[in-house]
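Colleague: Structure incoming, see below.
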Amino acid sequence: MSIILTSTNSASANPETTAKAKAFVATHVAKFKPLELTANKAWWDANTTGKDEDFKKKEEAQNKIDAALSDKAVYKELYALKYDVKNIDDPLLARSINVLYLMYLEKQVDPELLKKITAKANAVEKAFNVYRAKIDGKEMSDSQVREMLKNGTESELKRKVWEASKGVGKLVEADLKELVRLRNEAAKQAEFKNFQAMMLFLNEQSSDELIKLFDDLDKLTVGPFTAAKAEIDEKLAKVYDIKKTELMPWHYHDPFFQESPAVFDANLDAPYQKSDILQLCSKFYAGIGLPIDDVIARSDLLEKKGKSPHAFCTDIDKEGDVRVLANIVANEYWMGTMLHELGHSVYSSKNIPQTVPYVLRSESHILTTEGVAMQFERFSKSRLWLEKMGVKIDDPVAFDAAAKKVQRNQLLIFSRWCQVMLRFEKAMYENPDQDLNKLWWDLVEKYQQVNRPVGRNMPDYGAKIHICSAPVYYHNYMMGQLFASQVHHTIARELYDNVDPSTVIYIGDKKVGEFMKKKVFEPGRTLDWQALTKFATGEELNPKAFAKDFQAK
Ligand SMILES: [Zn+2]
């Protein structure tokens, strides 16, 4: 293992503080290891079976974890250690104290206030669950709305459907505003200026640093995005038989234009319909020196009754028991998803050594593990990758062109959407009393270049459930994409003699696995995301590599 940590200490190190910190961490691990194991197993069982008793077990284990983290006396002890961390004579121990401090700090909210917050969030989520868009008195399901927005051709009807789908925003507006107020109150109790600042701090991020990064991303992507969108607008205007300037939010297929409209004739599924997706994954990961057959053996990968319809990867015990839940179907979506989830699986205790302390034996950050998963996921749209994996493509030139366009549009459109989410949440928590309806549409117009419906003054932001249920989180997906590009470009530069990164597909190259292990996986959480990015790529996280992936060739 090759971890270089700058010592925080030396001259001032105090053996007594070090001993106290060591004892604190040991007590924490002794208590949490069994709790986390129980919670992880119950979570796995609940999702594979759908049984109430398993969900109950999971909830009980989680409650025990939360209770332990909110313990005031324990927090007091930890707080003292955190503010004396420079006196800890062991950098890994000091890092463990810093990481634990963030975990405990999150749970220090006044229990009465926390109850109110949970109740408000539940009220909003419940409203989402029961809300149905109504058009001319008729209720529509969520999938009917999506189907209509995607395939409907009549602009007037699409407008009605889109507006009805946003109706939930008005319904939850008051509760959501109250939730924002309560969250800010909790943040102020903990001496943060607002909830967004607190959430970022807990995730080792800061608002200024993020805004600078997203400003840079904006500058580098605005050109390619504008060009890609002009091409999409052209197609959409033709479909709806209107002028490009008349395109409105309901014309973009997705209710928030967070995904690419399906306007290009791109069937990427054909090559996968006769392929064994699992076998391709097994062969690929073994070839790069990161075998995953043990993961597959423990996983639950095919559709069955009662099971979660989604996909995720989980590290059950931090000792190598890593599993994937999926519902594989032979198409491009599931090829990408399996490469993604198995990407998470190789960045786990399978490849983070047992010598890394338990508290730090995980990914550096959510954005780094999402980044690794995305780095591998992208190959499902690579003609070169497919051909070298031995998958037959009937019309390789057409596949190549379509796949590149889909990939490019998806990533560019997603990046603009993330700009809106990051900036909206920042401004909303900073000043919840401003005109949020206007703020939302100002950002949508600026970053997504989607027209604001004339005269519309509605809380459309409220129709995005993540603002309630996954606050201050979206930017991590975008940063994961930047991380994916930056690591990939580093591999192309260092292991492939600086060739064009779009030609680098890793297949059969054990040195890729070596690089990922040494430079990305093995440090675990001993390094924060910024230090890890620098360690792996020589640079701080930045959008240059991501933007290069979209420059015209
Ligand atoms: Zn993921």
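Residue numbering restarts at 1 in every chain; chains get A, B, ... in the order shown in the structure tokens, and ligands count up from 1 in that same order.
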For Gln375 (chain A), work out the shell of residues within 12 Å, counting only C-alpha atoms and skipping chain neighbours fewer than 4 positions away, then give it as a CSV table (one decimal) with C-alpha atoms, in the first residue's frame.
Modeller:
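Full text of result-v3.csv as output:
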chain,number,residue,atom,x,y,z
A,336,GLY,CA,-24.1,-0.2,-18.5
A,337,THR,CA,-25.7,-0.7,-15.1
A,339,LEU,CA,-20.5,-2.3,-15.4
A,340,HIS,CA,-21.5,0.5,-13.1
A,341,GLU,CA,-22.4,-1.6,-10.1
A,342,LEU,CA,-19.5,-4.0,-10.5
A,343,GLY,CA,-17.3,-0.8,-10.7
A,344,HIS,CA,-18.6,0.0,-7.2
A,367,LEU,CA,-18.3,11.1,-5.6
A,368,THR,CA,-15.2,9.0,-6.0
A,369,THR,CA,-17.1,5.7,-6.0
A,370,GLU,CA,-19.8,7.1,-8.3
A,371,GLY,CA,-16.9,8.3,-10.5
A,379,PHE,CA,-17.9,1.3,-22.1
A,380,SER,CA,-21.4,-0.1,-22.8
A,381,LYS,CA,-21.6,2.7,-25.4
A,480,GLY,CA,-18.4,11.8,-10.1
A,481,GLN,CA,-18.5,12.3,-13.9
A,482,LEU,CA,-15.6,14.8,-13.7
A,483,PHE,CA,-13.6,12.3,-11.6
A,484,ALA,CA,-14.4,9.5,-14.1
A,485,SER,CA,-13.0,11.6,-17.0
A,486,GLN,CA,-10.0,12.8,-15.0
A,487,VAL,CA,-8.9,9.3,-13.9
A,488,HIS,CA,-9.5,7.9,-17.4
A,489,HIS,CA,-7.4,10.6,-19.0
A,491,ILE,CA,-4.7,6.3,-17.4
A,501,PRO,CA,-8.4,8.8,-24.4
A,502,SER,CA,-11.4,7.8,-26.5
A,504,VAL,CA,-8.4,3.5,-24.5
A,505,ILE,CA,-10.7,0.6,-23.5
A,506,TYR,CA,-8.6,-1.3,-20.9
A,516,MET,CA,-6.9,1.6,-9.9
A,546,PHE,CA,-14.7,16.0,-19.0
Colleague: Pick out the residues sitting within 10 Å of Ala270 (chain A), and hand them over as a list in words; count only C-alpha atoms, and ignore anything fewer than 5 positions along from it in its own chain.
Modeller: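 The contact residues come out as Ser275, Ala330, Asn331, Glu332, Lys392, Ile393, Asp394, Asp395 and Phe399 of chain A.
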Colleague: Excluding same-chain residues fewer than 3 positions from region 127-134 of chain A, what lies within 12 Å of it counting only C-alpha atoms, as a ChimeraX atom specification?
Modeller: /A:120-124,137-146,148,160-176,462-466,468-469
Colleague: Report the residues of region 203-325 of chain A whose backbone DSSP state falls under alpha helix (DSSP H), written as a VMD selection string.
Modeller: chain A and resid 207 to 240 277 to 287 293 to 298
Colleague: What does the distance between CA of Val406 (chain A) and CA of Ser345 (chain A) come to in Å, to one decimal place?
Modeller: 26.1 Å
Colleague: Pick out the residues sitting within 9 Å of region 441-450 of chain A, and hand them over as a list in words; count only C-alpha atoms, and ignore anything fewer than 5 positions along from it in its own chain.
Modeller: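 What passes the distance filter is Asp218, Val222, Phe225, Thr226, Lys229, Leu247, Met248, Pro249, Tyr252, Phe257, Gln258, Ile413, Arg416, Trp417, Gln419, Val420, Met421, Arg423, Phe424, Leu436, Asp460 and Tyr461 of chain A.
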Colleague: What's around Lys20 (chain A) at 12 Å? Count only C-alpha atoms, leave out sequence neighbours fewer than 6 positions away in its own chain, and write the answer as a PyMOL selection string.
Modeller: chain A and resi 14+26-27+77-78+80-82+84-85+87-89+93-94+97
Colleague: Return the single residue from A:Val372, A:Ile288, A:Val329, A:Ala230 that is closest to ligand 1, with distances computed using only C-alpha atoms and all ligand atoms.
Modeller: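 Checking each of A:Val372, A:Ile288, A:Val329, A:Ala230 against ligand 1, counting only C-alpha atoms and all ligand atoms, the winner is A:Val372.
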Colleague: Rounded to one decimal, what separation in Å do you get between CA of Ala61 (chain A) and CA of Ile316 (chain A)?
Modeller: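 CA of Ala61 (chain A) sits 13.8 Å away from CA of Ile316 (chain A).
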Colleague: For a test of reading the model, state the distance in Å between CA of Gln108 (chain A) and CA of His365 (chain A), rounded to one decimal.
Modeller: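 That distance, rounded to one decimal, is 21.6 Å.
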Colleague: Let me make sure I understand: among A:Lys511, A:His310, A:Lys126, A:Arg452, which one has the smallest atom-to-atom distance to ligand 1 if we use only C-alpha atoms and all ligand atoms?
Modeller: A:His310
Colleague: So that I can check the surroundings of Asn203 (chain A), please list as a list in words every protein, DNA and RNA residue that reaches within 12 Å of it, counting only C-alpha atoms and ignoring chain neighbours fewer than 2 positions away.
Modeller: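 Counting only C-alpha atoms, the residues come to Asn98, Val99, Leu100, Tyr101, Leu102, Met103, Leu105, Glu106, Gln196, Ala197, Met198, Met199, Leu200, Phe201, Gln205, Ser206, Ser207, Leu210, Ser364, His365, Ile366, Leu367, Val472, Tyr473, His475, Asn476, Asp528, Trp529 and Gln530 of chain A.
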Colleague: Write out, as a PDB file, in the first residue's frame, the residues just selected, with N, CA and C atoms.
Modeller:
ATOM      1  N   ASN A  98     -11.282  12.691  12.766  1.00  0.00           N
ATOM      2  CA  ASN A  98     -11.952  13.694  11.931  1.00  0.00           C
ATOM      3  C   ASN A  98     -13.188  13.122  11.232  1.00  0.00           C
ATOM      4  N   VAL A  99     -13.054  11.902  10.719  1.00  0.00           N
ATOM      5  CA  VAL A  99     -14.174  11.269  10.013  1.00  0.00           C
ATOM      6  C   VAL A  99     -15.311  10.952  10.985  1.00  0.00           C
ATOM      7  N   LEU A 100     -14.961  10.430  12.165  1.00  0.00           N
ATOM      8  CA  LEU A 100     -15.992  10.120  13.163  1.00  0.00           C
ATOM      9  C   LEU A 100     -16.688  11.388  13.638  1.00  0.00           C
ATOM     10  N   TYR A 101     -15.919  12.451  13.773  1.00  0.00           N
ATOM     11  CA  TYR A 101     -16.501  13.728  14.202  1.00  0.00           C
ATOM     12  C   TYR A 101     -17.639  14.144  13.267  1.00  0.00           C
ATOM     13  N   LEU A 102     -17.409  14.016  11.956  1.00  0.00           N
ATOM     14  CA  LEU A 102     -18.445  14.398  10.991  1.00  0.00           C
ATOM     15  C   LEU A 102     -19.677  13.498  11.114  1.00  0.00           C
ATOM     16  N   MET A 103     -19.439  12.190  11.340  1.00  0.00           N
ATOM     17  CA  MET A 103     -20.561  11.244  11.488  1.00  0.00           C
ATOM     18  C   MET A 103     -21.418  11.583  12.714  1.00  0.00           C
ATOM     19  N   LEU A 105     -21.419  14.500  14.420  1.00  0.00           N
ATOM     20  CA  LEU A 105     -21.935  15.871  14.338  1.00  0.00           C
ATOM     21  C   LEU A 105     -23.297  15.909  13.638  1.00  0.00           C
ATOM     22  N   GLU A 106     -23.409  15.110  12.568  1.00  0.00           N
ATOM     23  CA  GLU A 106     -24.654  15.075  11.794  1.00  0.00           C
ATOM     24  C   GLU A 106     -25.857  14.708  12.664  1.00  0.00           C
ATOM     25  N   GLN A 196     -27.480  24.211   3.700  1.00  0.00           N
ATOM     26  CA  GLN A 196     -26.596  23.780   2.620  1.00  0.00           C
ATOM     27  C   GLN A 196     -25.147  23.797   3.082  1.00  0.00           C
ATOM     28  N   ALA A 197     -24.768  24.861   3.787  1.00  0.00           N
ATOM     29  CA  ALA A 197     -23.388  24.954   4.290  1.00  0.00           C
ATOM     30  C   ALA A 197     -23.078  23.794   5.221  1.00  0.00           C
ATOM     31  N   MET A 198     -24.048  23.441   6.064  1.00  0.00           N
ATOM     32  CA  MET A 198     -23.822  22.329   6.995  1.00  0.00           C
ATOM     33  C   MET A 198     -23.658  21.002   6.240  1.00  0.00           C
ATOM     34  N   MET A 199     -24.568  20.739   5.292  1.00  0.00           N
ATOM     35  CA  MET A 199     -24.496  19.479   4.542  1.00  0.00           C
ATOM     36  C   MET A 199     -23.173  19.351   3.805  1.00  0.00           C
ATOM     37  N   LEU A 200     -22.722  20.457   3.228  1.00  0.00           N
ATOM     38  CA  LEU A 200     -21.448  20.405   2.505  1.00  0.00           C
ATOM     39  C   LEU A 200     -20.299  20.153   3.474  1.00  0.00           C
ATOM     40  N   PHE A 201     -20.332  20.829   4.621  1.00  0.00           N
ATOM     41  CA  PHE A 201     -19.284  20.619   5.622  1.00  0.00           C
ATOM     42  C   PHE A 201     -19.224  19.150   6.047  1.00  0.00           C
ATOM     43  N   GLN A 205     -16.960  19.282   1.923  1.00  0.00           N
ATOM     44  CA  GLN A 205     -17.018  20.177   0.765  1.00  0.00           C
ATOM     45  C   GLN A 205     -17.372  21.589   1.236  1.00  0.00           C
ATOM     46  N   SER A 206     -17.157  22.569   0.352  1.00  0.00           N
ATOM     47  CA  SER A 206     -17.586  23.913   0.711  1.00  0.00           C
ATOM     48  C   SER A 206     -18.263  24.569  -0.487  1.00  0.00           C
ATOM     49  N   SER A 207     -19.175  25.487  -0.175  1.00  0.00           N
ATOM     50  CA  SER A 207     -19.973  26.110  -1.210  1.00  0.00           C
ATOM     51  C   SER A 207     -19.094  26.879  -2.204  1.00  0.00           C
ATOM     52  N   LEU A 210     -17.274  24.586  -4.541  1.00  0.00           N
ATOM     53  CA  LEU A 210     -18.175  23.966  -5.510  1.00  0.00           C
ATOM     54  C   LEU A 210     -18.606  24.946  -6.601  1.00  0.00           C
ATOM     55  N   SER A 364     -13.312   6.934  -0.616  1.00  0.00           N
ATOM     56  CA  SER A 364     -12.942   8.238  -0.092  1.00  0.00           C
ATOM     57  C   SER A 364     -14.184   9.108   0.090  1.00  0.00           C
ATOM     58  N   HIS A 365     -15.097   9.019  -0.869  1.00  0.00           N
ATOM     59  CA  HIS A 365     -16.258   9.911  -0.881  1.00  0.00           C
ATOM     60  C   HIS A 365     -17.287   9.305  -1.834  1.00  0.00           C
ATOM     61  N   ILE A 366     -18.545   9.685  -1.670  1.00  0.00           N
ATOM     62  CA  ILE A 366     -19.577   9.205  -2.587  1.00  0.00           C
ATOM     63  C   ILE A 366     -19.217   9.552  -4.034  1.00  0.00           C
ATOM     64  N   LEU A 367     -18.601  10.723  -4.239  1.00  0.00           N
ATOM     65  CA  LEU A 367     -18.310  11.133  -5.618  1.00  0.00           C
ATOM     66  C   LEU A 367     -17.193  10.293  -6.237  1.00  0.00           C
ATOM     67  N   VAL A 472     -29.117  18.687  -1.207  1.00  0.00           N
ATOM     68  CA  VAL A 472     -27.690  19.028  -1.343  1.00  0.00           C
ATOM     69  C   VAL A 472     -26.868  17.794  -1.689  1.00  0.00           C
ATOM     70  N   TYR A 473     -27.280  17.104  -2.716  1.00  0.00           N
ATOM     71  CA  TYR A 473     -26.650  15.822  -3.028  1.00  0.00           C
ATOM     72  C   TYR A 473     -26.295  15.687  -4.505  1.00  0.00           C
ATOM     73  N   HIS A 475     -24.999  17.426  -6.851  1.00  0.00           N
ATOM     74  CA  HIS A 475     -23.696  17.827  -7.399  1.00  0.00           C
ATOM     75  C   HIS A 475     -22.673  16.692  -7.343  1.00  0.00           C
ATOM     76  N   ASN A 476     -22.861  15.754  -6.391  1.00  0.00           N
ATOM     77  CA  ASN A 476     -21.890  14.658  -6.294  1.00  0.00           C
ATOM     78  C   ASN A 476     -21.890  13.760  -7.531  1.00  0.00           C
ATOM     79  N   ASP A 528      -9.126  12.463   1.849  1.00  0.00           N
ATOM     80  CA  ASP A 528     -10.425  13.004   1.454  1.00  0.00           C
ATOM     81  C   ASP A 528     -10.479  13.066  -0.079  1.00  0.00           C
ATOM     82  N   TRP A 529     -11.625  13.406  -0.641  1.00  0.00           N
ATOM     83  CA  TRP A 529     -11.809  13.307  -2.095  1.00  0.00           C
ATOM     84  C   TRP A 529     -10.843  14.203  -2.857  1.00  0.00           C
ATOM     85  N   GLN A 530     -10.551  15.348  -2.289  1.00  0.00           N
ATOM     86  CA  GLN A 530      -9.677  16.287  -2.990  1.00  0.00           C
ATOM     87  C   GLN A 530      -8.230  15.752  -3.001  1.00  0.00           C
TER      88      GLN A 530
END
Colleague: Which residue out of A:Ile507, A:Ala42, A:Ala373, A:Ala286 has the minimum interatomic distance to ligand 1 when only C-alpha atoms and all ligand atoms are used?
Modeller: A:Ala373
